[in-house]
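> Data file final04.cif (mmCIF, C-alpha atoms) is appended below.
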```
data_run
loop_
_atom_site.group_PDB
_atom_site.id
_atom_site.type_symbol
_atom_site.label_atom_id
_atom_site.label_comp_id
_atom_site.auth_asym_id
_atom_site.auth_seq_id
_atom_site.Cartn_x
_atom_site.Cartn_y
_atom_site.Cartn_z
ATOM 1 C CA MET A 105 4.227 -40.794 -22.270
ATOM 2 C CA LEU A 106 5.546 -37.395 -23.177
ATOM 3 C CA GLY A 107 8.348 -35.976 -21.117
ATOM 4 C CA LEU A 108 8.035 -32.551 -19.579
ATOM 5 C CA GLY A 109 10.746 -31.331 -21.860
ATOM 6 C CA ASN A 110 8.698 -32.299 -24.909
ATOM 7 C CA ILE A 111 5.562 -30.612 -23.656
ATOM 8 C CA PHE A 112 7.203 -27.375 -22.687
ATOM 9 C CA SER A 113 9.397 -27.189 -25.765
ATOM 10 C CA GLY A 114 6.369 -27.744 -28.028
ATOM 11 C CA VAL A 115 3.035 -26.017 -28.278
ATOM 12 C CA PHE A 116 2.796 -25.232 -24.603
ATOM 13 C CA GLY A 117 6.340 -23.963 -24.457
ATOM 14 C CA LYS A 118 5.575 -21.494 -27.227
ATOM 15 C CA PHE A 119 2.352 -20.509 -25.520
ATOM 16 C CA PHE A 120 4.061 -19.820 -22.220
ATOM 17 C CA ASP A 121 6.891 -17.933 -23.891
ATOM 18 C CA SER A 122 4.381 -15.815 -25.811
ATOM 19 C CA ILE A 123 2.645 -14.719 -22.638
ATOM 20 C CA GLY A 124 5.837 -14.016 -20.743
ATOM 21 C CA MET A 125 5.540 -17.122 -18.585
ATOM 22 C CA GLY A 126 8.573 -19.044 -19.769
ATOM 23 C CA TRP A 127 9.459 -19.444 -16.111
ATOM 24 C CA MET A 128 6.776 -22.165 -15.925
ATOM 25 C CA THR A 129 9.116 -24.401 -17.913
ATOM 26 C CA ASN A 130 11.878 -24.054 -15.358
ATOM 27 C CA VAL A 131 9.661 -24.366 -12.357
ATOM 28 C CA LEU A 132 7.682 -27.368 -13.541
ATOM 29 C CA SER A 133 10.296 -29.328 -15.427
ATOM 30 C CA LEU A 134 13.840 -28.432 -14.519
ATOM 31 C CA THR A 135 13.380 -28.262 -10.790
ATOM 32 C CA ALA A 136 11.274 -31.428 -11.050
ATOM 33 C CA ASN A 137 9.286 -30.740 -7.912
ATOM 34 C CA ILE A 138 6.117 -31.483 -9.833
ATOM 35 C CA MET A 139 6.254 -35.094 -8.638
ATOM 36 C CA SER A 140 6.493 -34.218 -4.982
ATOM 37 C CA GLY A 141 3.564 -35.394 -2.854
ATOM 38 C CA ASN A 142 2.681 -31.762 -2.491
ATOM 39 C CA TRP A 143 1.733 -31.350 -6.147
ATOM 40 C CA VAL A 144 0.355 -34.827 -6.640
ATOM 41 C CA ALA A 145 -2.013 -34.295 -3.715
ATOM 42 C CA ALA A 146 -3.231 -31.099 -5.338
ATOM 43 C CA ALA A 147 -3.640 -32.734 -8.749
ATOM 44 C CA LYS A 148 -7.373 -33.411 -8.485
ATOM 45 C CA ASP A 149 -8.094 -29.759 -7.726
ATOM 46 C CA VAL A 150 -5.916 -28.675 -10.643
ATOM 47 C CA PHE A 151 -7.609 -31.034 -13.101
ATOM 48 C CA ASP A 152 -11.052 -30.002 -11.845
ATOM 49 C CA LEU A 153 -10.113 -26.384 -12.364
ATOM 50 C CA VAL A 154 -8.851 -26.925 -15.895
ATOM 51 C CA ALA A 155 -11.850 -29.095 -16.802
ATOM 52 C CA ARG A 156 -14.130 -26.114 -16.217
ATOM 53 C CA PHE A 157 -12.419 -23.880 -18.801
ATOM 54 C CA SER A 158 -15.042 -23.358 -21.483
ATOM 55 C CA ASP A 159 -12.763 -23.144 -24.528
ATOM 56 C CA SER A 160 -9.377 -21.811 -25.544
ATOM 57 C CA ASP A 161 -10.423 -18.215 -26.322
ATOM 58 C CA TRP A 162 -9.068 -17.046 -22.995
ATOM 59 C CA MET A 163 -5.583 -17.952 -24.243
ATOM 60 C CA ASN A 164 -5.712 -14.885 -26.466
ATOM 61 C CA ARG A 165 -6.266 -12.602 -23.494
ATOM 62 C CA VAL A 166 -3.589 -13.419 -20.966
ATOM 63 C CA ALA A 167 -1.698 -10.803 -18.950
ATOM 64 C CA SER A 168 1.922 -11.065 -20.007
ATOM 65 C CA LEU A 169 3.197 -9.403 -16.852
ATOM 66 C CA GLN A 170 2.343 -9.910 -13.232
ATOM 67 C CA PRO A 171 -0.969 -8.026 -13.040
ATOM 68 C CA LEU A 172 -1.061 -4.809 -11.033
ATOM 69 C CA GLY A 173 -4.789 -4.716 -10.389
ATOM 70 C CA GLU A 174 -6.711 -1.450 -10.536
ATOM 71 C CA PHE A 175 -3.783 0.489 -11.994
ATOM 72 C CA ASP A 176 -3.499 -1.828 -15.004
ATOM 73 C CA PHE A 177 -4.617 -0.186 -18.196
ATOM 74 C CA ASP A 178 -4.713 -0.797 -21.917
ATOM 75 C CA GLY A 179 -3.322 1.521 -24.506
ATOM 76 C CA CYS A 180 -1.248 4.625 -24.144
ATOM 77 C CA PHE A 181 -0.576 6.444 -20.954
ATOM 78 C CA GLY A 182 -2.310 9.753 -20.554
ATOM 79 C CA THR A 183 -3.299 11.649 -17.461
ATOM 80 C CA ASN A 184 -6.137 13.347 -19.363
ATOM 81 C CA GLY A 185 -5.432 16.494 -17.440
ATOM 82 C CA VAL A 186 -6.082 14.783 -14.109
ATOM 83 C CA LEU A 187 -2.518 15.400 -13.015
ATOM 84 C CA SER A 188 -0.795 18.685 -13.499
ATOM 85 C CA GLU A 189 2.525 20.044 -12.331
ATOM 86 C CA GLY A 190 0.559 22.669 -10.413
ATOM 87 C CA ALA A 191 -1.441 20.073 -8.505
ATOM 88 C CA LEU A 192 1.651 18.035 -7.727
ATOM 89 C CA GLY A 193 3.453 21.154 -6.537
ATOM 90 C CA SER A 194 0.552 22.046 -4.281
ATOM 91 C CA TRP A 195 0.684 18.618 -2.598
ATOM 92 C CA ILE A 196 4.333 19.173 -1.772
ATOM 93 C CA SER A 197 3.674 22.727 -0.543
ATOM 94 C CA ARG A 198 0.804 21.606 1.685
ATOM 95 C CA ALA A 199 2.820 18.732 3.091
ATOM 96 C CA ALA A 200 5.739 21.042 3.827
ATOM 97 C CA ARG A 201 3.458 23.647 5.408
ATOM 98 C CA ASP A 202 1.763 21.034 7.585
ATOM 99 C CA GLY A 203 5.104 19.659 8.668
ATOM 100 C CA ASP A 204 4.462 16.208 7.219
ATOM 101 C CA ASN A 205 7.995 14.933 7.420
ATOM 102 C CA GLY A 206 7.108 11.259 7.444
ATOM 103 C CA PHE A 207 6.374 10.960 3.754
ATOM 104 C CA GLY A 208 9.753 10.680 2.107
ATOM 105 C CA ALA A 209 8.644 8.001 -0.338
ATOM 106 C CA PHE A 210 5.640 10.079 -1.299
ATOM 107 C CA PHE A 211 7.800 13.128 -1.977
ATOM 108 C CA ASP A 212 10.035 10.980 -4.210
ATOM 109 C CA ALA A 213 6.960 9.740 -6.074
ATOM 110 C CA VAL A 214 5.630 13.249 -6.616
ATOM 111 C CA SER A 215 9.023 14.451 -7.757
ATOM 112 C CA LEU A 216 9.181 11.647 -10.321
ATOM 113 C CA ALA A 217 5.630 12.409 -11.429
ATOM 114 C CA GLN A 218 6.592 16.051 -11.958
ATOM 115 C CA ASP A 219 9.562 15.007 -14.100
ATOM 116 C CA THR A 220 7.331 12.635 -16.041
ATOM 117 C CA LEU A 221 4.749 15.309 -16.797
ATOM 118 C CA ARG A 222 7.474 17.750 -17.803
ATOM 119 C CA ASN A 223 9.054 15.221 -20.166
ATOM 120 C CA ASN A 224 5.652 14.324 -21.540
ATOM 121 C CA THR A 225 4.939 17.970 -22.260
ATOM 122 C CA ILE A 226 8.249 18.354 -24.065
ATOM 123 C CA ALA A 227 7.673 15.164 -26.047
ATOM 124 C CA ASN A 228 4.187 16.291 -27.077
ATOM 125 C CA ALA A 229 5.504 19.678 -28.139
ATOM 126 C CA GLN A 230 8.195 18.028 -30.238
ATOM 127 C CA LEU A 231 5.631 15.712 -31.783
ATOM 128 C CA GLN A 232 3.372 18.612 -32.692
ATOM 129 C CA TYR A 233 6.344 20.509 -34.128
ATOM 130 C CA ALA A 234 7.294 17.477 -36.212
ATOM 131 C CA GLN A 235 3.729 17.030 -37.466
ATOM 132 C CA PHE A 236 3.392 20.644 -38.527
ATOM 133 C CA ASN A 237 6.804 20.783 -40.092
ATOM 134 C CA THR A 238 6.759 17.568 -42.065
ATOM 135 C CA PRO A 239 6.833 18.253 -45.816
ATOM 136 C CA ALA A 240 3.645 17.050 -47.515
ATOM 137 C CA MET B 49 -3.958 -11.191 22.800
ATOM 138 C CA ASN B 50 -3.429 -7.802 24.381
ATOM 139 C CA GLY B 51 -0.228 -7.432 22.448
ATOM 140 C CA LYS B 52 -2.011 -8.137 19.186
ATOM 141 C CA ALA B 53 -4.747 -5.667 19.973
ATOM 142 C CA THR B 54 -2.231 -3.002 20.802
ATOM 143 C CA LYS B 55 -0.313 -3.642 17.593
ATOM 144 C CA ALA B 56 -3.518 -3.603 15.559
ATOM 145 C CA ASP B 57 -4.606 -0.387 17.207
ATOM 146 C CA ALA B 58 -1.258 1.202 16.483
ATOM 147 C CA SER B 59 -1.429 0.074 12.876
ATOM 148 C CA SER B 60 -4.970 1.341 12.559
ATOM 149 C CA THR B 61 -3.997 4.691 14.031
ATOM 150 C CA GLU B 62 -1.071 4.912 11.650
ATOM 151 C CA SER B 63 -3.318 4.096 8.684
ATOM 152 C CA GLY B 64 -5.885 6.614 9.802
ATOM 153 C CA ARG B 65 -3.234 9.294 10.124
ATOM 154 C CA ALA B 66 -1.924 8.594 6.624
ATOM 155 C CA ALA B 67 -5.399 8.463 5.073
ATOM 156 C CA ALA B 68 -6.129 11.763 6.756
ATOM 157 C CA ALA B 69 -2.844 13.052 5.319
ATOM 158 C CA ARG B 70 -3.937 12.114 1.801
ATOM 159 C CA GLU B 71 -7.159 14.060 2.283
ATOM 160 C CA ARG B 72 -5.334 16.944 3.928
ATOM 161 C CA LEU B 73 -3.022 17.191 0.946
ATOM 162 C CA GLY B 74 -6.086 17.402 -1.277
ATOM 163 C CA ILE B 75 -5.334 14.328 -3.385
ATOM 164 C CA SER B 76 -8.526 13.102 -5.017
ATOM 165 C CA ALA B 77 -9.232 9.458 -5.811
ATOM 166 C CA GLU B 78 -8.914 10.283 -9.493
ATOM 167 C CA GLU B 79 -5.514 11.912 -8.997
ATOM 168 C CA PHE B 80 -4.374 8.982 -6.882
ATOM 169 C CA ARG B 81 -5.400 6.590 -9.658
ATOM 170 C CA ALA B 82 -3.641 8.722 -12.275
ATOM 171 C CA MET B 83 -0.448 8.480 -10.233
ATOM 172 C CA GLY B 84 -0.932 4.715 -10.099
ATOM 173 C CA ARG B 85 -1.310 4.555 -13.851
ATOM 174 C CA MET B 86 1.871 6.524 -14.257
ATOM 175 C CA GLY B 87 3.558 3.848 -12.171
ATOM 176 C CA ALA B 88 1.898 1.229 -14.362
ATOM 177 C CA MET B 89 3.325 2.894 -17.471
ATOM 178 C CA TYR B 90 6.846 2.584 -16.043
ATOM 179 C CA TYR B 91 6.086 -0.989 -14.974
ATOM 180 C CA GLN B 92 5.040 -1.923 -18.500
ATOM 181 C CA GLN B 93 8.140 -0.259 -19.916
ATOM 182 C CA GLY B 94 10.313 -2.299 -17.559
ATOM 183 C CA LEU B 95 11.458 0.808 -15.696
ATOM 184 C CA LEU B 96 10.898 -0.919 -12.404
ATOM 185 C CA ASP B 97 12.818 1.471 -10.151
ATOM 186 C CA LYS B 98 10.585 4.297 -11.305
ATOM 187 C CA ALA B 99 7.466 2.187 -10.957
ATOM 188 C CA ARG B 100 8.519 1.227 -7.446
ATOM 189 C CA THR B 101 9.110 4.862 -6.523
ATOM 190 C CA ILE B 102 5.547 5.708 -7.533
ATOM 191 C CA PHE B 103 3.901 2.690 -5.908
ATOM 192 C CA GLU B 104 5.847 3.057 -2.665
ATOM 193 C CA GLY B 105 4.823 6.693 -2.469
ATOM 194 C CA LEU B 106 1.186 5.750 -2.948
ATOM 195 C CA VAL B 107 1.338 3.062 -0.269
ATOM 196 C CA GLU B 108 2.951 5.533 2.081
ATOM 197 C CA ILE B 109 0.371 8.247 1.563
ATOM 198 C CA ASP B 110 -2.538 5.802 1.725
ATOM 199 C CA PRO B 111 -1.718 2.538 3.503
ATOM 200 C CA ASP B 112 -5.359 1.513 3.168
ATOM 201 C CA SER B 113 -5.288 1.546 -0.625
ATOM 202 C CA ALA B 114 -5.766 -2.011 -1.889
ATOM 203 C CA ALA B 115 -4.789 -0.855 -5.387
ATOM 204 C CA ALA B 116 -1.456 0.542 -4.217
ATOM 205 C CA HIS B 117 -0.604 -2.582 -2.205
ATOM 206 C CA SER B 118 -1.632 -4.797 -5.119
ATOM 207 C CA ALA B 119 0.602 -2.870 -7.521
ATOM 208 C CA LEU B 120 3.612 -2.885 -5.214
ATOM 209 C CA GLY B 121 3.052 -6.583 -4.541
ATOM 210 C CA ALA B 122 2.995 -7.282 -8.281
ATOM 211 C CA LEU B 123 6.232 -5.389 -8.764
ATOM 212 C CA HIS B 124 7.946 -7.323 -5.979
ATOM 213 C CA THR B 125 6.597 -10.556 -7.482
ATOM 214 C CA ARG B 126 8.154 -9.596 -10.796
ATOM 215 C CA THR B 127 11.502 -8.861 -9.136
ATOM 216 C CA GLU B 128 11.189 -12.074 -7.087
ATOM 217 C CA GLN B 129 11.318 -10.323 -3.720
ATOM 218 C CA PHE B 130 8.763 -12.740 -2.397
ATOM 219 C CA ASP B 131 8.621 -11.742 1.269
ATOM 220 C CA ALA B 132 7.919 -8.123 0.410
ATOM 221 C CA ALA B 133 5.525 -9.198 -2.324
ATOM 222 C CA LEU B 134 3.479 -11.397 -0.015
ATOM 223 C CA ARG B 135 3.324 -8.674 2.619
ATOM 224 C CA HIS B 136 1.694 -6.280 0.145
ATOM 225 C CA LEU B 137 -0.416 -8.897 -1.648
ATOM 226 C CA ASN B 138 -1.810 -10.183 1.640
ATOM 227 C CA ARG B 139 -2.679 -6.641 2.674
ATOM 228 C CA ALA B 140 -4.341 -6.035 -0.691
ATOM 229 C CA VAL B 141 -6.490 -9.134 -0.217
ATOM 230 C CA GLU B 142 -7.418 -8.039 3.302
ATOM 231 C CA LEU B 143 -8.492 -4.640 2.043
ATOM 232 C CA ALA B 144 -10.312 -5.799 -1.106
ATOM 233 C CA PRO B 145 -10.893 -9.558 -1.373
ATOM 234 C CA GLU B 146 -12.643 -9.129 -4.727
ATOM 235 C CA GLN B 147 -9.442 -8.048 -6.519
ATOM 236 C CA ILE B 148 -8.125 -10.700 -8.896
ATOM 237 C CA ALA B 149 -4.507 -9.605 -9.322
ATOM 238 C CA PRO B 150 -3.204 -10.302 -5.796
ATOM 239 C CA TYR B 151 -4.408 -13.921 -5.966
ATOM 240 C CA VAL B 152 -2.707 -14.421 -9.324
ATOM 241 C CA ASN B 153 0.585 -13.068 -8.056
ATOM 242 C CA ARG B 154 0.405 -15.031 -4.825
ATOM 243 C CA ALA B 155 -0.205 -18.162 -6.900
ATOM 244 C CA GLU B 156 2.912 -17.444 -8.959
ATOM 245 C CA ILE B 157 5.006 -17.051 -5.824
ATOM 246 C CA PHE B 158 3.657 -20.253 -4.300
ATOM 247 C CA ILE B 159 4.246 -22.189 -7.523
ATOM 248 C CA LYS B 160 7.840 -20.996 -7.573
ATOM 249 C CA GLN B 161 8.219 -21.965 -3.933
ATOM 250 C CA GLY B 162 6.647 -25.393 -4.523
ATOM 251 C CA GLN B 163 3.761 -24.685 -2.150
ATOM 252 C CA ALA B 164 1.136 -26.519 -4.157
ATOM 253 C CA GLU B 165 -1.839 -26.241 -1.854
ATOM 254 C CA GLU B 166 -1.489 -22.488 -1.415
ATOM 255 C CA ALA B 167 -0.853 -22.007 -5.133
ATOM 256 C CA VAL B 168 -3.954 -23.936 -6.166
ATOM 257 C CA GLU B 169 -6.107 -22.153 -3.595
ATOM 258 C CA ASN B 170 -5.074 -18.775 -5.027
ATOM 259 C CA LEU B 171 -5.559 -19.948 -8.610
ATOM 260 C CA LYS B 172 -9.067 -21.081 -7.714
ATOM 261 C CA ARG B 173 -9.962 -17.755 -6.149
ATOM 262 C CA ALA B 174 -8.622 -15.741 -9.080
ATOM 263 C CA ILE B 175 -10.447 -17.893 -11.628
ATOM 264 C CA ALA B 176 -13.705 -17.893 -9.663
ATOM 265 C CA LEU B 177 -13.740 -14.089 -9.757
ATOM 266 C CA ASP B 178 -13.815 -14.140 -13.580
ATOM 267 C CA PRO B 179 -16.341 -16.751 -14.714
ATOM 268 C CA GLN B 180 -16.593 -15.153 -18.168
ATOM 269 C CA GLU B 181 -12.890 -15.814 -18.879
ATOM 270 C CA LYS B 182 -12.412 -12.197 -19.959
ATOM 271 C CA ASP B 183 -9.965 -10.842 -17.426
ATOM 272 C CA PRO B 184 -6.304 -11.064 -18.528
ATOM 273 C CA ALA B 185 -5.139 -11.444 -14.934
ATOM 274 C CA ALA B 186 -7.516 -14.337 -14.250
ATOM 275 C CA ASN B 187 -6.497 -15.832 -17.581
ATOM 276 C CA ARG B 188 -2.912 -15.735 -16.398
ATOM 277 C CA ALA B 189 -4.101 -17.874 -13.498
ATOM 278 C CA ARG B 190 -5.775 -20.215 -16.013
ATOM 279 C CA ALA B 191 -2.477 -20.484 -17.890
ATOM 280 C CA MET B 192 -0.672 -21.441 -14.693
ATOM 281 C CA ALA B 193 -3.292 -24.080 -13.885
ATOM 282 C CA LEU B 194 -3.047 -25.454 -17.412
ATOM 283 C CA GLY B 195 0.743 -25.637 -17.165
ATOM 284 C CA ILE B 196 0.606 -27.518 -13.875
ATOM 285 C CA ALA B 197 -2.046 -29.892 -15.243
ATOM 286 C CA GLU B 198 -0.008 -30.634 -18.353
ATOM 287 C CA ALA B 199 3.134 -31.194 -16.304
ATOM 288 C CA LEU B 200 1.286 -33.599 -14.023
ATOM 289 C CA LYS B 201 -0.283 -35.443 -16.959
ATOM 290 C CA ALA B 202 3.122 -35.810 -18.586
ATOM 291 C CA ARG B 203 4.258 -37.597 -15.446
ATOM 292 C CA GLY B 204 1.270 -39.920 -15.519
ATOM 293 C CA VAL B 205 -0.590 -38.226 -12.682
ATOM 294 C CA THR B 206 -4.317 -38.361 -13.303
ATOM 295 C CA GLY B 207 -5.707 -36.764 -10.181
ATOM 296 C CA GLN B 208 -7.344 -40.030 -9.123
ATOM 297 C CA PRO B 209 -6.972 -41.192 -5.499
ATOM 298 C CA LYS B 210 -4.320 -43.810 -6.309
ATOM 299 C CA ASP B 211 -1.932 -41.050 -7.415
ATOM 300 C CA SER B 212 -1.596 -39.801 -3.883
ATOM 301 C CA HIS B 213 -0.164 -43.156 -2.815
ATOM 302 C CA ASN B 214 2.505 -43.273 -5.539
#
```
Go ahead and express the file in the form of structure tokens.

Amino acid sequence: MLGLGNIFSGVFGKFFDSIGMGWMTNVLSLTANIMSGNWVAAAKDVFDLVARFSDSDWMNRVASLQPLGEFDFDGCFGTNGVLSEGALGSWISRAARDGDNGFGAFFDAVSLAQDTLRNNTIANAQLQYAQFNTPA
Amino acid sequence: MNGKATKADASSTESGRAAAARERLGISAEEFRAMGRMGAMYYQQGLLDKARTIFEGLVEIDPDSAAAHSALGALHTRTEQFDAALRHLNRAVELAPEQIAPYVNRAEIFIKQGQAEEAVENLKRAIALDPQEKDPAANRARAMALGIAEALKARGVTGQPKDSHN
């Protein structure tokens, strides 16, 4: 019988490390709670679940971070013009005018978003400058 | 019972007020999502304080946003603040039970806490929502299930009835 150490230091260990889930090694082997009645009782459900996986293709498409849900996205960040400093400023102005004082966290978020857009604008300008001024 | 109703009413009123605030401030769904994706960018870069600032702001301005609760719950899962994580993940599930991510993150927390039954239940729900095995979040749940199965097998557990009497 293979020990847990062997399994998680071999193929599976590499797999879990590659998808940012190295913590599985610690949780399932080092803390050794895998043999508690709790897990053993759940074993049938776990094996049933795994038995239904169709193949191993899914292993190439695993979220390497704790998934966010709807806000998750692939590729580069871009607001595509949806957010603008003007729009963000108007939210703050409206909130201030309406006397919405209970939204401190929201104000912090908008302030950070404004900084982000500003930095993004500067970075894009520098990129364009570099592109147009690179010797052929 | 009366106490619960009163609390629920208060919470509902609070949510309604905040949702109305989001509309009053003129924040469209698209703009709200763009803010969320900005938070996601920071999250992916590991700038978790900035990501948290964005997600907390979104939860505050729209406490009925399942996406915002899911994102904040994921962040707290990543930073291992499990009580806060579960609070937001549970709310996300209440608001939108068809979201995969909150189940995956709840499963991770329960695995780390050794709560097998709860972990497996959440893994099942996440996996069932993605029968095509395409979704990276559901595949993360598959990876967790595989890891548990391999660990059990390595200890000679087969999942047959006799195992439960060992």
> Which value, in Å to one decimal, gives the distance between atom CA of B:Gln129 and atom CA of B:Glu166?
17.8 Å
> Could you tell me which residues of chain B sit within 6 Å of chain A when counting all atoms listed in the file, and give me the result as an NGL selection string?
:B and (73 or 79 or 82 or 84-85 or 101-102 or 105 or 115 or 118-119 or 122 or 149 or 164 or 181 or 184-185 or 187-188 or 202 or 207 or 212)
> What does the distance between atom CA of B:Leu123 and atom CA of B:Leu96 come to in Å, to one decimal place?
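Answer for the atom CA of B:Leu123 to atom CA of B:Leu96 separation: 7.4 Å.
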> Counting only C-alpha atoms, which residues come within 9 Å of (-3.4, 13.4, -0.5), with the point read in the file's coordinates, and could you list them as a list of chain:residue names?
A:Trp195, A:Ala199, B:Ala66, B:Ala67, B:Ala68, B:Ala69, B:Arg70, B:Glu71, B:Arg72, B:Leu73, B:Gly74, B:Ile75, B:Ser76, B:Ala77, B:Glu79, B:Phe80, B:Ile109, B:Asp110
> Please return as a list in words every residue within 8 Å of (-14.0, -11.9, -3.2), taking into account all atoms listed in the file and the file's own coordinates.
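Taken together, the residues in range are Ala144, Pro145, Glu146, Gln147, Arg173 and Leu177 of chain B.
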> One decimal, in Å: what's the spacing between atom CA of B:Glu104 and atom CA of B:Leu120?
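Rounded to one decimal, the two atoms are 6.8 Å apart.
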